[in-house]
Amino acid sequence: MIGLISYFAFFLTVALIFGIVTLGLDLQWGKTGIFNAGVVGFYAIGAYGFAILTAPASPAFLGNFGLPWAVGIFGAMLISAFAALLVGLATIRLRDDYLSVASFGIAITIQLIVTNWQPMTGGTMGIGQLPNPTRGLFEVRLWNGIAYLGLVATVLALVCYALARMTRSPWGRVLRAMREDEPAARTLGKNTVAFRLQCFVIGSTLMGLGGALYASFTGFVSPADFLPIVTFLVWTMLIVGGSGNALGALLGAILVWGIWSMLGAAIARFMPVGLQAQAGAVQAMFIGIVLVLVLLFRPRGLVGEAPTTSRTSR
Amino acid sequence: MIGQALVDGLLTGGILSLGAIGYSLCSQILRFSNFAHSELLTWGAYIALMVVGSLPLGTPLAPFSFGWPFLVAVLVACICTGFLAIGVDALVFRRLRANGAARLTLVFASFGVALTLRHAVLFFWGGNAQYYSRNLTMAVEILPGVRMLPDQIFVLGLTVVLVVVLHLFLSRSRSGIAMRAMADNPALSRASGIDVAAVIRWTWMLSGALAALAGIFAGLTVQLRPELGFNMLLAIFAAAILGGSGNLFGAVLGGLIVGLAESLSTLMLPTGYKGAVPFVLLLLVLSLRPQGLFSKSSRL
């Protein structure tokens, strides 16, 4: 029973972390129509930013500043925001399909840096011993896990609240206007490039936040956690849940991560040991098929965007 | 040193060109960025491997490492990959077009298709590196200090022939002209009685066959892995965007530039960063000359 609860807490923690990342993507795609195909890049920047800031000092590393947890989280968000600003300045004016290709390139480049910049990132070995504020908080490990779940849920709630406030504000209305008809928004005197850039930076910061929370959760970062498939996974979460809707993004994250984990568990149980590589392939194939089927048969996702009409219109 | 890097870059560039031509044909005629294009390279390479494995070994055609079964395998793989592309279109992309889906929906769908196809290769053939032939061949010194394997010379030569044939096909044949018309103006070509469905089938067949060739050549000169195509995807995008749309030779030049830049970068940078070169080129072109080096249309 304890095993089951502990597994469930583990599962939900990762699902909610992906929820934060998916909300970041929803702000970019669902609310504004920015096509970011490099989600994993910003997720990795957050995770590595956190690791480099907080890991205990070691002569083998340039970074590893051993700073407190909260500094690590905020620092990781700042680093992601700064990276997104640089990337955004270079690419945000591009038409959507070129933006998708460029952002895809960013993710690949970040992965190369993470793998090759040994003194900073630990190369393929990664960085370990990352702090987690809930570790050792209680005697029973289960409670530590649940405490971290509570922490992630709190962060998620804050993010949801902030996003809800932002999208209801005049700022959010401009984003929706741009998504529906960018030339019209421009005609109304809105600096659409600036809005797109702000939105890209904030969304990528959330992705970095997710990465930092994940690194703290596992206590360890290595390039194997930041493969391009993460980008596709997060996109699938958003599309399955329905973009333009925070509830949809969260539901999609939990559902897709649930399918992914259950498939993984089933495969570990029933597939012969020699075929584990093939087993991992089945997981990814299934996610690919789910994505295509949703696009074909339920293009708005499970929960689409709620229709909004002006209060004064009848 | 620099001579060798140039020749290596030319070879990679030639292979990238074949991938980029197929990708840009597809993206111009069907009007979306197909992230699954790279998986056609991988599938082509592995289909050829399967055919090679099922045919008798035969003696290698000296000085190459392969015998006639390999040539048969190339042909079979081209046709099969073309049909694979047509099949994926019928199952996914054509239905989405019929639903009136937005262009970006097609791109998302291509994410899903890519994920499925790539991992299907891993599922069927496993993750280990594989080779068409274990025969060793001697490198030839083509210029002082510059060596090439006979297989590499074969690949480079065949690539040149293919580009010329493709140019003739696109500029002289009825199907080729119809394809270019569709790329220019779909509404007008439909109005002038071009069979749109047939043009789309031709496009997939051609881009699948070119992808298969690129994949096989990469497999022949390096090795076969399930990530073979995916690792080339960014370079292919970069080559196609560098070249600009609507121009066969643009894609070829784009491929050569990317291949040469990648190869020359290893003279200055650690090899591990080679994969980032296409991205840097991409950013440069998109910010300085967004319409591509050899085209006039806008990309913003």
# chains A, B, ... in the order shown; residues from 1 in each chain; ligands from 1
>>> select_by_dssp(residues="stretch 119-177 of chain B", states="alpha helix (DSSP H)", output="ChimeraX atom specification")
/B:119-125,150-172,174-177
>>> residues_around(residues="A:Phe200", least_positions_apart="6", cutoff="8 Å", atoms="only C-alpha atoms", output="ChimeraX atom specification")
/A:28,34,84-85,88
>>> residues_around(residues="stretch 222-230 of chain B", least_positions_apart="6", cutoff="7 Å", atoms="only C-alpha atoms", output="short mmCIF file (atom, residue, chain, number, x, y, z; two decimals) with N, CA, C and O atoms, in the first residue's frame")
data_model
loop_
_atom_site.label_atom_id
_atom_site.label_comp_id
_atom_site.auth_asym_id
_atom_site.auth_seq_id
_atom_site.Cartn_x
_atom_site.Cartn_y
_atom_site.Cartn_z
N SER B 38 12.96 13.34 -42.01
CA SER B 38 14.19 12.65 -41.64
C SER B 38 13.95 11.16 -41.45
O SER B 38 14.86 10.35 -41.69
N GLU B 39 12.75 10.79 -41.03
CA GLU B 39 12.50 9.36 -40.78
C GLU B 39 12.40 8.58 -42.09
O GLU B 39 12.62 7.39 -42.12
N LEU B 41 14.50 9.07 -44.46
CA LEU B 41 15.91 8.72 -44.69
C LEU B 41 16.24 7.42 -43.94
O LEU B 41 16.82 6.49 -44.50
N THR B 42 15.85 7.40 -42.66
CA THR B 42 16.16 6.23 -41.85
C THR B 42 15.48 4.99 -42.42
O THR B 42 16.11 3.93 -42.56
N ARG B 118 10.27 6.75 -36.27
CA ARG B 118 11.63 6.60 -35.76
C ARG B 118 11.71 5.44 -34.78
O ARG B 118 12.62 4.62 -34.84
N VAL B 121 11.56 1.94 -36.28
CA VAL B 121 12.87 1.43 -36.73
C VAL B 121 13.61 0.80 -35.56
O VAL B 121 14.14 -0.31 -35.65
N LEU B 122 13.61 1.50 -34.43
CA LEU B 122 14.27 0.98 -33.22
C LEU B 122 13.62 -0.34 -32.81
O LEU B 122 14.30 -1.29 -32.42
N GLY B 127 18.77 -1.03 -31.60
CA GLY B 127 19.47 0.25 -31.55
C GLY B 127 20.94 0.19 -31.94
O GLY B 127 21.60 1.23 -32.00
N ASN B 128 21.47 -1.00 -32.22
CA ASN B 128 22.91 -1.08 -32.49
C ASN B 128 23.25 -0.58 -33.89
O ASN B 128 22.42 -0.64 -34.79
N ALA B 129 24.49 -0.13 -34.05
CA ALA B 129 24.95 0.30 -35.37
C ALA B 129 25.04 -0.93 -36.29
O ALA B 129 25.43 -2.01 -35.85
N GLN B 130 24.63 -0.72 -37.55
CA GLN B 130 24.70 -1.83 -38.51
C GLN B 130 25.37 -1.31 -39.77
O GLN B 130 25.48 -0.11 -40.00
N TYR B 131 25.82 -2.26 -40.59
CA TYR B 131 26.57 -1.91 -41.81
C TYR B 131 26.03 -2.73 -42.97
O TYR B 131 25.54 -3.84 -42.79
N GLY B 215 19.55 8.56 -47.13
CA GLY B 215 19.73 7.69 -45.97
C GLY B 215 20.69 6.54 -46.28
O GLY B 215 21.57 6.23 -45.48
#
>>> interface_residues(of="chain B", to="chain A", cutoff="8 Å", atoms="only C-alpha atoms", output="PyMOL selection string")
chain B and resi 32-33+92+95-96+104-105+108-109+111-117+119-120+122-124+126-127+234+237+272-273+275-276+279+282-283+286-287+299-300
>>> residues_around(residues="A:Gly126", least_positions_apart="6", cutoff="7 Å", atoms="only C-alpha atoms", output="list in words")
Val221, Ser222 and Pro223 of chain A
>>> closest_residue(among="A:Pro56, A:Pro183, A:Gly63, A:Gly30", to="A:Gly242", atoms="only C-alpha atoms")
A:Gly30
>>> select_by_dssp(residues="stretch 126-193 of chain B", states="strand (DSSP E)", output="list of chain:residue names")
B:Val140, B:Glu141, B:Ile142, B:Leu143, B:Val146, B:Arg147, B:Met148
>>> residues_around(residues="A:Ile127", least_positions_apart="4", cutoff="8 Å", atoms="only C-alpha atoms", output="PDB file with N, CA, C and O atoms, in the first residue's frame")
ATOM      1  N   ALA A  51      21.173  23.263 -11.278  1.00  0.00           N
ATOM      2  CA  ALA A  51      22.244  22.356 -10.849  1.00  0.00           C
ATOM      3  C   ALA A  51      23.549  23.129 -10.647  1.00  0.00           C
ATOM      4  O   ALA A  51      24.236  22.961  -9.644  1.00  0.00           O
ATOM      5  N   ILE A  52      23.877  23.993 -11.600  1.00  0.00           N
ATOM      6  CA  ILE A  52      25.159  24.699 -11.524  1.00  0.00           C
ATOM      7  C   ILE A  52      25.154  25.669 -10.348  1.00  0.00           C
ATOM      8  O   ILE A  52      26.155  25.834  -9.658  1.00  0.00           O
ATOM      9  N   ALA A  55      24.604  22.927  -6.773  1.00  0.00           N
ATOM     10  CA  ALA A  55      25.340  21.710  -6.440  1.00  0.00           C
ATOM     11  C   ALA A  55      26.523  22.046  -5.544  1.00  0.00           C
ATOM     12  O   ALA A  55      27.115  23.127  -5.670  1.00  0.00           O
ATOM     13  N   THR A 121      29.069  21.397 -17.139  1.00  0.00           N
ATOM     14  CA  THR A 121      27.857  20.574 -17.045  1.00  0.00           C
ATOM     15  C   THR A 121      28.134  19.129 -16.671  1.00  0.00           C
ATOM     16  O   THR A 121      27.208  18.339 -16.519  1.00  0.00           O
ATOM     17  N   GLY A 122      29.381  18.762 -16.539  1.00  0.00           N
ATOM     18  CA  GLY A 122      29.686  17.379 -16.204  1.00  0.00           C
ATOM     19  C   GLY A 122      29.552  16.425 -17.389  1.00  0.00           C
ATOM     20  O   GLY A 122      29.636  15.211 -17.198  1.00  0.00           O
ATOM     21  N   PHE A 220      19.553  15.195  -9.543  1.00  0.00           N
ATOM     22  CA  PHE A 220      20.569  14.788 -10.498  1.00  0.00           C
ATOM     23  C   PHE A 220      20.176  15.282 -11.884  1.00  0.00           C
ATOM     24  O   PHE A 220      19.002  15.217 -12.239  1.00  0.00           O
ATOM     25  N   VAL A 221      21.127  15.809 -12.669  1.00  0.00           N
ATOM     26  CA  VAL A 221      20.823  16.118 -14.082  1.00  0.00           C
ATOM     27  C   VAL A 221      21.850  15.431 -14.972  1.00  0.00           C
ATOM     28  O   VAL A 221      23.035  15.360 -14.621  1.00  0.00           O
ATOM     29  N   SER A 222      21.382  14.924 -16.101  1.00  0.00           N
ATOM     30  CA  SER A 222      22.307  14.404 -17.116  1.00  0.00           C
ATOM     31  C   SER A 222      21.635  14.553 -18.476  1.00  0.00           C
ATOM     32  O   SER A 222      20.410  14.663 -18.553  1.00  0.00           O
TER      33      SER A 222
END
>>> closest_residue(among="A:Arg168, A:Trp260, A:Gly72, A:Thr32", to="A:Ala185", atoms="only C-alpha atoms")
A:Thr32
>>> closest_residue(among="B:Ser110, B:Thr59, B:Ser175, B:Asn99", to="B:Leu40", atoms="only C-alpha atoms")
B:Ser110
>>> closest_atom_pairs(of="stretch 211-287 of chain B", to="stretch 69-82 of chain B", cutoff="12 Å", atoms="only C-alpha atoms", output="Markdown table")
| residue | atom | partner | partner_atom | distance |
| --- | --- | --- | --- | --- |
| B:Ala211 | CA | B:Thr81 | CA | 8.0 |
| B:Ala212 | CA | B:Cys78 | CA | 5.4 |
| B:Leu213 | CA | B:Cys78 | CA | 6.7 |
| B:Ala214 | CA | B:Cys78 | CA | 10.0 |
| B:Gly215 | CA | B:Ala77 | CA | 10.0 |
| B:Ile216 | CA | B:Val74 | CA | 7.3 |
| B:Phe217 | CA | B:Val74 | CA | 9.5 |
| B:Gly219 | CA | B:Val74 | CA | 11.6 |
| B:Leu220 | CA | B:Phe70 | CA | 10.1 |
>>> write_last_selection(atoms="C-alpha atoms", output="PDB file, in the first residue's frame")
ATOM      1  CA  ALA B 211      15.257  10.605 -48.828  1.00  0.00           C
ATOM      2  CA  ALA B 212      15.934   6.876 -49.174  1.00  0.00           C
ATOM      3  CA  LEU B 213      18.989   7.616 -51.327  1.00  0.00           C
ATOM      4  CA  ALA B 214      20.295  10.148 -48.807  1.00  0.00           C
ATOM      5  CA  GLY B 215      19.729   7.689 -45.975  1.00  0.00           C
ATOM      6  CA  ILE B 216      21.395   4.809 -47.821  1.00  0.00           C
ATOM      7  CA  PHE B 217      24.384   6.979 -48.752  1.00  0.00           C
ATOM      8  CA  GLY B 219      24.489   4.494 -44.025  1.00  0.00           C
ATOM      9  CA  LEU B 220      27.036   3.367 -46.609  1.00  0.00           C
TER      10      LEU B 220
END
>>> residues_around(residues="stretch 263-266 of chain B", least_positions_apart="4", cutoff="8 Å", atoms="only C-alpha atoms", output="list in words")
Ile2, Ala5, Leu6, Asp8, Gly9, Gly259, Pro270, Thr271, Lys274 and Val277 of chain B
>>> closest_residue(among="A:Ala212, A:Leu302, A:Val273, A:Glu139", to="A:Leu255", atoms="only C-alpha atoms")
A:Leu302
